[in-house]
file entry_17.pdb (PDB, N, CA and C atoms)
ATOM      1  N   MET L 416       8.372  11.656   1.309
ATOM      2  CA  MET L 416       7.488  11.275   0.233
ATOM      3  C   MET L 416       6.390  12.292   0.036
ATOM      4  N   SER L 417       6.592  13.456   0.580
ATOM      5  CA  SER L 417       5.644  14.540   0.391
ATOM      6  C   SER L 417       5.772  15.053  -1.027
ATOM      7  N   SER L 418       4.693  15.630  -1.541
ATOM      8  CA  SER L 418       4.769  16.194  -2.879
ATOM      9  C   SER L 418       5.420  17.571  -2.859
ATOM     10  N   GLU L 419       5.716  18.112  -1.670
ATOM     11  CA  GLU L 419       6.381  19.400  -1.564
ATOM     12  C   GLU L 419       7.702  19.268  -0.856
ATOM     13  N   PRO L 420       8.784  19.726  -1.511
ATOM     14  CA  PRO L 420      10.079  19.673  -0.859
ATOM     15  C   PRO L 420      10.148  20.650   0.310
ATOM     16  N   ALA L 421      11.153  20.475   1.170
ATOM     17  CA  ALA L 421      11.289  21.296   2.371
ATOM     18  C   ALA L 421      11.320  22.785   2.047
ATOM     19  N   GLY L 422      11.893  23.169   0.918
ATOM     20  CA  GLY L 422      11.986  24.582   0.546
ATOM     21  C   GLY L 422      10.657  25.164   0.105
ATOM     22  N   GLY L 423       9.674  24.352  -0.218
ATOM     23  CA  GLY L 423       8.364  24.818  -0.656
ATOM     24  C   GLY L 423       8.397  25.381  -2.064
ATOM     25  N   GLY L 424       7.247  25.843  -2.525
ATOM     26  CA  GLY L 424       7.165  26.486  -3.822
ATOM     27  C   GLY L 424       7.016  25.553  -5.005
ATOM     28  N   ARG L 425       7.308  24.299  -4.867
ATOM     29  CA  ARG L 425       7.170  23.335  -5.969
ATOM     30  C   ARG L 425       6.332  22.166  -5.494
ATOM     31  N   HIS L 426       5.644  21.522  -6.417
ATOM     32  CA  HIS L 426       4.909  20.306  -6.087
ATOM     33  C   HIS L 426       4.919  19.377  -7.288
ATOM     34  N   VAL L 427       4.679  18.119  -7.030
ATOM     35  CA  VAL L 427       4.691  17.096  -8.068
ATOM     36  C   VAL L 427       3.296  17.005  -8.667
ATOM     37  N   ASN L 428       3.207  17.032  -9.979
ATOM     38  CA  ASN L 428       1.942  16.891 -10.690
ATOM     39  C   ASN L 428       2.004  15.579 -11.455
ATOM     40  N   ILE L 429       1.415  14.535 -10.893
ATOM     41  CA  ILE L 429       1.496  13.197 -11.474
ATOM     42  C   ILE L 429       0.242  12.905 -12.276
ATOM     43  N   GLN L 430       0.430  12.465 -13.513
ATOM     44  CA  GLN L 430      -0.671  12.081 -14.390
ATOM     45  C   GLN L 430      -0.816  10.559 -14.347
ATOM     46  N   VAL L 431      -2.047  10.077 -14.371
ATOM     47  CA  VAL L 431      -2.307   8.636 -14.339
ATOM     48  C   VAL L 431      -3.220   8.273 -15.495
ATOM     49  N   SER L 432      -2.801   7.291 -16.296
ATOM     50  CA  SER L 432      -3.636   6.836 -17.406
ATOM     51  C   SER L 432      -4.824   6.060 -16.837
ATOM     52  N   PRO L 433      -5.932   6.001 -17.557
ATOM     53  CA  PRO L 433      -7.094   5.236 -17.085
ATOM     54  C   PRO L 433      -6.759   3.764 -16.815
ATOM     55  N   GLU L 434      -5.890   3.181 -17.643
ATOM     56  CA  GLU L 434      -5.514   1.780 -17.440
ATOM     57  C   GLU L 434      -4.756   1.604 -16.118
ATOM     58  N   MET L 435      -3.858   2.542 -15.825
ATOM     59  CA  MET L 435      -3.074   2.459 -14.596
ATOM     60  C   MET L 435      -3.944   2.787 -13.382
ATOM     61  N   MET L 436      -4.922   3.660 -13.542
ATOM     62  CA  MET L 436      -5.801   4.055 -12.444
ATOM     63  C   MET L 436      -6.555   2.855 -11.882
ATOM     64  N   ALA L 437      -6.863   1.891 -12.724
ATOM     65  CA  ALA L 437      -7.584   0.698 -12.279
ATOM     66  C   ALA L 437      -6.749  -0.135 -11.316
ATOM     67  N   GLY L 438      -5.437  -0.056 -11.414
ATOM     68  CA  GLY L 438      -4.564  -0.812 -10.528
ATOM     69  C   GLY L 438      -4.548  -2.293 -10.858
ATOM     70  N   VAL L 439      -3.851  -3.038 -10.043
ATOM     71  CA  VAL L 439      -3.773  -4.489 -10.184
ATOM     72  C   VAL L 439      -3.979  -5.107  -8.812
ATOM     73  N   TYR L 440      -4.450  -6.329  -8.773
ATOM     74  CA  TYR L 440      -4.655  -7.037  -7.512
ATOM     75  C   TYR L 440      -3.428  -7.891  -7.217
ATOM     76  N   ALA L 441      -2.944  -7.814  -5.987
ATOM     77  CA  ALA L 441      -1.841  -8.662  -5.543
ATOM     78  C   ALA L 441      -2.176  -9.210  -4.165
ATOM     79  N   ASN L 442      -1.850 -10.481  -3.942
ATOM     80  CA  ASN L 442      -2.041 -11.081  -2.628
ATOM     81  C   ASN L 442      -0.746 -11.704  -2.110
ATOM     82  N   PHE L 443       0.375 -11.290  -2.731
ATOM     83  CA  PHE L 443       1.687 -11.784  -2.348
ATOM     84  C   PHE L 443       2.723 -10.742  -2.735
ATOM     85  N   ALA L 444       3.735 -10.566  -1.901
ATOM     86  CA  ALA L 444       4.830  -9.650  -2.234
ATOM     87  C   ALA L 444       6.147 -10.273  -1.809
ATOM     88  N   ASN L 445       7.171 -10.032  -2.585
ATOM     89  CA  ASN L 445       8.510 -10.484  -2.270
ATOM     90  C   ASN L 445       9.421  -9.267  -2.282
ATOM     91  N   VAL L 446      10.229  -9.102  -1.231
ATOM     92  CA  VAL L 446      11.153  -7.979  -1.151
ATOM     93  C   VAL L 446      12.572  -8.515  -1.233
ATOM     94  N   SER L 447      13.375  -7.923  -2.114
ATOM     95  CA  SER L 447      14.783  -8.285  -2.217
ATOM     96  C   SER L 447      15.600  -7.006  -2.278
ATOM     97  N   HIS L 448      16.907  -7.121  -2.066
ATOM     98  CA  HIS L 448      17.740  -5.923  -2.098
ATOM     99  C   HIS L 448      19.174  -6.236  -2.512
ATOM    100  N   THR L 449      19.843  -5.202  -2.984
ATOM    101  CA  THR L 449      21.280  -5.219  -3.238
ATOM    102  C   THR L 449      21.855  -4.070  -2.408
ATOM    103  N   ASP L 450      23.124  -3.802  -2.573
ATOM    104  CA  ASP L 450      23.725  -2.666  -1.869
ATOM    105  C   ASP L 450      23.117  -1.342  -2.326
ATOM    106  N   TYR L 451      22.526  -1.302  -3.519
ATOM    107  CA  TYR L 451      22.093  -0.043  -4.115
ATOM    108  C   TYR L 451      20.596   0.150  -4.246
ATOM    109  N   GLU L 452      19.817  -0.943  -4.152
ATOM    110  CA  GLU L 452      18.378  -0.786  -4.345
ATOM    111  C   GLU L 452      17.580  -1.903  -3.679
ATOM    112  N   PHE L 453      16.320  -1.593  -3.419
ATOM    113  CA  PHE L 453      15.337  -2.565  -2.949
ATOM    114  C   PHE L 453      14.382  -2.819  -4.107
ATOM    115  N   THR L 454      13.910  -4.044  -4.221
ATOM    116  CA  THR L 454      12.927  -4.382  -5.240
ATOM    117  C   THR L 454      11.771  -5.107  -4.570
ATOM    118  N   ILE L 455      10.562  -4.623  -4.839
ATOM    119  CA  ILE L 455       9.355  -5.290  -4.347
ATOM    120  C   ILE L 455       8.619  -5.846  -5.558
ATOM    121  N   SER L 456       8.414  -7.152  -5.547
ATOM    122  CA  SER L 456       7.651  -7.813  -6.614
ATOM    123  C   SER L 456       6.288  -8.177  -6.052
ATOM    124  N   PHE L 457       5.240  -7.679  -6.680
ATOM    125  CA  PHE L 457       3.868  -7.984  -6.274
ATOM    126  C   PHE L 457       3.328  -9.055  -7.206
ATOM    127  N   ALA L 458       2.647 -10.031  -6.628
ATOM    128  CA  ALA L 458       2.134 -11.139  -7.431
ATOM    129  C   ALA L 458       0.717 -11.493  -7.022
ATOM    130  N   ARG L 459       0.045 -12.163  -7.928
ATOM    131  CA  ARG L 459      -1.263 -12.754  -7.652
ATOM    132  C   ARG L 459      -1.006 -14.260  -7.595
ATOM    133  N   VAL L 460      -1.205 -14.835  -6.413
ATOM    134  CA  VAL L 460      -0.939 -16.251  -6.197
ATOM    135  C   VAL L 460      -2.266 -16.988  -6.125
ATOM    136  N   HIS L 461      -2.311 -18.144  -6.757
ATOM    137  CA  HIS L 461      -3.536 -18.939  -6.843
ATOM    138  C   HIS L 461      -3.541 -19.964  -5.711
ATOM    139  N   HIS L 462      -4.112 -19.595  -4.565
ATOM    140  CA  HIS L 462      -4.076 -20.428  -3.361
ATOM    141  C   HIS L 462      -4.968 -21.662  -3.429
ATOM    142  N   GLU L 463      -5.835 -21.750  -4.429
ATOM    143  CA  GLU L 463      -6.744 -22.890  -4.462
ATOM    144  C   GLU L 463      -6.044 -24.207  -4.812
ATOM    145  N   VAL L 464      -4.770 -24.151  -5.180
ATOM    146  CA  VAL L 464      -4.011 -25.376  -5.444
ATOM    147  C   VAL L 464      -3.685 -26.034  -4.112
ATOM    148  N   GLU L 465      -4.040 -27.290  -3.944
ATOM    149  CA  GLU L 465      -3.914 -27.970  -2.656
ATOM    150  C   GLU L 465      -2.558 -28.630  -2.437
ATOM    151  N   THR L 466      -1.918 -29.114  -3.499
ATOM    152  CA  THR L 466      -0.636 -29.796  -3.327
ATOM    153  C   THR L 466       0.360 -29.308  -4.367
ATOM    154  N   GLY L 467       1.608 -29.539  -4.086
ATOM    155  CA  GLY L 467       2.655 -29.193  -5.037
ATOM    156  C   GLY L 467       2.938 -27.706  -5.084
ATOM    157  N   GLU L 468       3.478 -27.289  -6.178
ATOM    158  CA  GLU L 468       3.875 -25.900  -6.381
ATOM    159  C   GLU L 468       2.649 -25.008  -6.577
ATOM    160  N   ILE L 469       2.652 -23.862  -5.932
ATOM    161  CA  ILE L 469       1.528 -22.922  -6.039
ATOM    162  C   ILE L 469       1.839 -21.936  -7.163
ATOM    163  N   PRO L 470       0.994 -21.882  -8.204
ATOM    164  CA  PRO L 470       1.271 -20.970  -9.310
ATOM    165  C   PRO L 470       0.961 -19.520  -8.944
ATOM    166  N   GLY L 471       1.696 -18.615  -9.548
ATOM    167  CA  GLY L 471       1.468 -17.192  -9.333
ATOM    168  C   GLY L 471       1.994 -16.394 -10.512
ATOM    169  N   THR L 472       1.554 -15.137 -10.599
ATOM    170  CA  THR L 472       1.950 -14.263 -11.682
ATOM    171  C   THR L 472       2.363 -12.915 -11.118
ATOM    172  N   ILE L 473       3.543 -12.441 -11.509
ATOM    173  CA  ILE L 473       3.986 -11.105 -11.107
ATOM    174  C   ILE L 473       3.083 -10.091 -11.812
ATOM    175  N   VAL L 474       2.476  -9.185 -11.040
ATOM    176  CA  VAL L 474       1.616  -8.159 -11.626
ATOM    177  C   VAL L 474       2.287  -6.785 -11.635
ATOM    178  N   SER L 475       3.337  -6.622 -10.804
ATOM    179  CA  SER L 475       4.071  -5.359 -10.784
ATOM    180  C   SER L 475       5.387  -5.568 -10.041
ATOM    181  N   ARG L 476       6.405  -4.836 -10.471
ATOM    182  CA  ARG L 476       7.707  -4.888  -9.794
ATOM    183  C   ARG L 476       8.222  -3.461  -9.698
ATOM    184  N   VAL L 477       8.625  -3.067  -8.482
ATOM    185  CA  VAL L 477       9.098  -1.701  -8.249
ATOM    186  C   VAL L 477      10.470  -1.765  -7.606
ATOM    187  N   SER L 478      11.445  -1.072  -8.203
ATOM    188  CA  SER L 478      12.787  -0.955  -7.633
ATOM    189  C   SER L 478      12.972   0.468  -7.140
ATOM    190  N   MET L 479      13.657   0.623  -5.995
ATOM    191  CA  MET L 479      13.833   1.953  -5.413
ATOM    192  C   MET L 479      15.135   2.023  -4.628
ATOM    193  N   SER L 480      15.598   3.231  -4.397
ATOM    194  CA  SER L 480      16.809   3.438  -3.610
ATOM    195  C   SER L 480      16.526   3.134  -2.138
ATOM    196  N   PRO L 481      17.562   2.830  -1.352
ATOM    197  CA  PRO L 481      17.357   2.599   0.080
ATOM    198  C   PRO L 481      16.711   3.806   0.773
ATOM    199  N   ARG L 482      17.083   5.007   0.379
ATOM    200  CA  ARG L 482      16.492   6.200   1.005
ATOM    201  C   ARG L 482      14.996   6.276   0.725
ATOM    202  N   PHE L 483      14.601   6.013  -0.515
ATOM    203  CA  PHE L 483      13.180   6.035  -0.857
ATOM    204  C   PHE L 483      12.443   4.912  -0.144
ATOM    205  N   MET L 484      13.091   3.742   0.008
ATOM    206  CA  MET L 484      12.474   2.622   0.720
ATOM    207  C   MET L 484      12.170   3.018   2.161
ATOM    208  N   LYS L 485      13.106   3.703   2.822
ATOM    209  CA  LYS L 485      12.896   4.140   4.202
ATOM    210  C   LYS L 485      11.727   5.117   4.275
ATOM    211  N   GLU L 486      11.649   6.056   3.336
ATOM    212  CA  GLU L 486      10.534   7.002   3.312
ATOM    213  C   GLU L 486       9.214   6.274   3.082
ATOM    214  N   LEU L 487       9.213   5.278   2.207
ATOM    215  CA  LEU L 487       8.012   4.485   1.947
ATOM    216  C   LEU L 487       7.577   3.738   3.205
ATOM    217  N   LEU L 488       8.520   3.134   3.906
ATOM    218  CA  LEU L 488       8.198   2.432   5.153
ATOM    219  C   LEU L 488       7.566   3.378   6.172
ATOM    220  N   ASP L 489       8.118   4.591   6.301
ATOM    221  CA  ASP L 489       7.577   5.572   7.246
ATOM    222  C   ASP L 489       6.149   5.956   6.885
ATOM    223  N   VAL L 490       5.894   6.193   5.599
ATOM    224  CA  VAL L 490       4.558   6.583   5.150
ATOM    225  C   VAL L 490       3.569   5.433   5.315
ATOM    226  N   LEU L 491       3.992   4.217   5.008
ATOM    227  CA  LEU L 491       3.121   3.052   5.195
ATOM    228  C   LEU L 491       2.771   2.877   6.665
ATOM    229  N   GLU L 492       3.757   3.004   7.541
ATOM    230  CA  GLU L 492       3.514   2.860   8.977
ATOM    231  C   GLU L 492       2.537   3.923   9.480
ATOM    232  N   ASP L 493       2.720   5.163   9.048
ATOM    233  CA  ASP L 493       1.829   6.254   9.454
ATOM    234  C   ASP L 493       0.401   6.005   8.977
ATOM    235  N   ASN L 494       0.245   5.641   7.710
ATOM    236  CA  ASN L 494      -1.092   5.392   7.167
ATOM    237  C   ASN L 494      -1.749   4.191   7.817
ATOM    238  N   TYR L 495      -0.980   3.128   8.074
ATOM    239  CA  TYR L 495      -1.553   1.950   8.714
ATOM    240  C   TYR L 495      -2.005   2.285  10.135
ATOM    241  N   SER L 496      -1.223   3.078  10.855
ATOM    242  CA  SER L 496      -1.603   3.480  12.220
ATOM    243  C   SER L 496      -2.898   4.271  12.218
ATOM    244  N   ARG L 497      -3.038   5.191  11.252
ATOM    245  CA  ARG L 497      -4.278   5.973  11.168
ATOM    246  C   ARG L 497      -5.454   5.094  10.802
ATOM    247  N   TRP L 498      -5.266   4.146   9.893
ATOM    248  CA  TRP L 498      -6.344   3.219   9.513
ATOM    249  C   TRP L 498      -6.746   2.366  10.716
ATOM    250  N   GLU L 499      -5.729   1.856  11.430
ATOM    251  CA  GLU L 499      -5.987   1.011  12.596
ATOM    252  C   GLU L 499      -6.766   1.775  13.669
ATOM    253  N   ALA L 500      -6.410   3.034  13.899
ATOM    254  CA  ALA L 500      -7.118   3.857  14.889
ATOM    255  C   ALA L 500      -8.565   4.079  14.463
ATOM    256  N   ARG L 501      -8.779   4.371  13.190
ATOM    257  CA  ARG L 501     -10.136   4.587  12.685
ATOM    258  C   ARG L 501     -10.976   3.330  12.802
ATOM    259  N   GLU L 502     -10.401   2.184  12.480
ATOM    260  CA  GLU L 502     -11.126   0.917  12.588
ATOM    261  C   GLU L 502     -11.445   0.608  14.044
ATOM    262  N   GLY L 503     -10.518   0.920  14.956
ATOM    263  CA  GLY L 503     -10.756   0.701  16.380
ATOM    264  C   GLY L 503     -11.902   1.550  16.887
ATOM    265  N   ILE L 504     -11.988   2.784  16.406
ATOM    266  CA  ILE L 504     -13.083   3.683  16.803
ATOM    267  C   ILE L 504     -14.417   3.135  16.301
ATOM    268  N   LYS L 505     -14.435   2.604  15.091
ATOM    269  CA  LYS L 505     -15.676   2.048  14.538
ATOM    270  C   LYS L 505     -16.197   0.892  15.378
ATOM    271  N   ASN L 506     -15.310   0.183  16.053
ATOM    272  CA  ASN L 506     -15.717  -0.980  16.834
ATOM    273  C   ASN L 506     -16.133  -0.637  18.261
ATOM    274  N   LEU L 507     -16.050   0.621  18.645
ATOM    275  CA  LEU L 507     -16.495   1.024  19.978
ATOM    276  C   LEU L 507     -18.021   1.028  20.025
ATOM    277  N   PRO L 508     -18.629   0.626  21.145
ATOM    278  CA  PRO L 508     -20.094   0.567  21.231
ATOM    279  C   PRO L 508     -20.753   1.931  21.048
ATOM    280  N   GLU L 509     -20.084   3.017  21.423
ATOM    281  CA  GLU L 509     -20.702   4.336  21.315
ATOM    282  C   GLU L 509     -20.516   4.989  19.938
ATOM    283  N   PHE L 510     -19.851   4.301  18.984
ATOM    284  CA  PHE L 510     -19.649   4.870  17.654
ATOM    285  C   PHE L 510     -20.981   4.954  16.918
ATOM    286  N   GLU L 511     -21.239   6.109  16.326
ATOM    287  CA  GLU L 511     -22.433   6.278  15.503
ATOM    288  C   GLU L 511     -22.012   6.278  14.050
ATOM    289  N   GLY L 512     -22.770   5.622  13.217
ATOM    290  CA  GLY L 512     -22.467   5.523  11.797
ATOM    291  C   GLY L 512     -22.515   6.859  11.101
ATOM    292  N   PRO L 513     -22.235   6.888   9.790
ATOM    293  CA  PRO L 513     -22.176   8.125   9.022
ATOM    294  C   PRO L 513     -23.473   8.930   9.051
ATOM    295  N   SER L 514     -24.611   8.265   9.204
ATOM    296  CA  SER L 514     -25.883   8.979   9.210
ATOM    297  C   SER L 514     -26.210   9.553  10.588
ATOM    298  N   GLY L 515     -25.386   9.195  11.583
ATOM    299  CA  GLY L 515     -25.658   9.660  12.942
ATOM    300  C   GLY L 515     -26.580   8.730  13.694
ATOM    301  N   ASP L 516     -27.108   7.730  12.987
ATOM    302  CA  ASP L 516     -28.014   6.775  13.629
ATOM    303  C   ASP L 516     -27.228   5.628  14.216
ATOM    304  N   ARG L 517     -27.612   5.230  15.371
ATOM    305  CA  ARG L 517     -26.973   4.087  16.020
ATOM    306  C   ARG L 517     -27.775   2.847  15.689
ATOM    307  N   GLU L 518     -27.067   1.798  15.265
ATOM    308  CA  GLU L 518     -27.768   0.540  14.983
ATOM    309  C   GLU L 518     -28.032  -0.176  16.283
ATOM    310  N   GLU L 519     -29.286  -0.606  16.485
ATOM    311  CA  GLU L 519     -29.629  -1.305  17.734
ATOM    312  C   GLU L 519     -30.366  -2.569  17.421
TER
END

call {"tool": "encode", "arguments": {"input": "entry_17.pdb", "output": "structure tokens"}}
result
Amino acid sequence: MSSEPAGGGRHVNIQVSPEMMAGVYANFANVSHTDYEFTISFARVHHEVETGEIPGTIVSRVSMSPRFMKELLDVLEDNYSRWEAREGIKNLPEFEGPSGDREE
């Protein structure tokens, strides 16, 4: 999922519209697959409903090849591990904040 192929010399130049840059909020995802593709449906689910069926709205749906899905899983795992390590460091007693000052 790198923007540079193994041979080098080329890179992906992706343009994003202002509307797309804002993104969408999702608090639920459903993953399904066929022999040829994986599909992830992201939804916003309204959890404040106490009984019966919980309403939700699909905000985005992405279909991808199995190979791309594997690459996505690898990148997600790598990024989550780095985030988790950074958060763990922040929780150490000797961590100093961005200003260098320790809160006491």

call {"tool": "residues_around", "arguments": {"input": "entry_17.pdb", "residues": "stretch 450-461 of chain L", "least_positions_apart": "4", "cutoff": "10 Å", "atoms": "only C-alpha atoms", "output": "PyMOL selection string"}}
result
chain L and resi 439-446+465+469-484

call {"tool": "atom_distance", "arguments": {"input": "entry_17.pdb", "atom1": "atom C of L:Asp493", "atom2": "atom N of L:His462"}}
result
29.3 Å

call {"tool": "atom_distance", "arguments": {"input": "entry_17.pdb", "atom1": "atom CA of L:Ser447", "atom2": "atom CA of L:Leu487"}}
result
15.0 Å

call {"tool": "atom_distance", "arguments": {"input": "entry_17.pdb", "atom1": "atom CA of L:Arg497", "atom2": "atom CA of L:Gly438"}}
result
22.7 Å

call {"tool": "axis_aligned_box", "arguments": {"input": "entry_17.pdb", "around": "stretch 454-463 of chain L", "padding_each_side": "4 Å", "output": "AutoDock Vina command-line options"}}
result
--center_x 3.6 --center_y -14.1 --center_z -5.6 --size_x 28.7 --size_y 28.2 --size_z 12.6

call {"tool": "select_by_dssp", "arguments": {"input": "entry_17.pdb", "residues": "stretch 428-511 of chain L", "states": "alpha helix (DSSP H)", "output": "PyMOL selection string"}}
result
chain L and resi 433-436+481-505

call {"tool": "select_by_dssp", "arguments": {"input": "entry_17.pdb", "residues": "chain L", "states": "strand (DSSP E)", "output": "ChimeraX atom specification"}}
result
/L:443-448,453-460,471-479
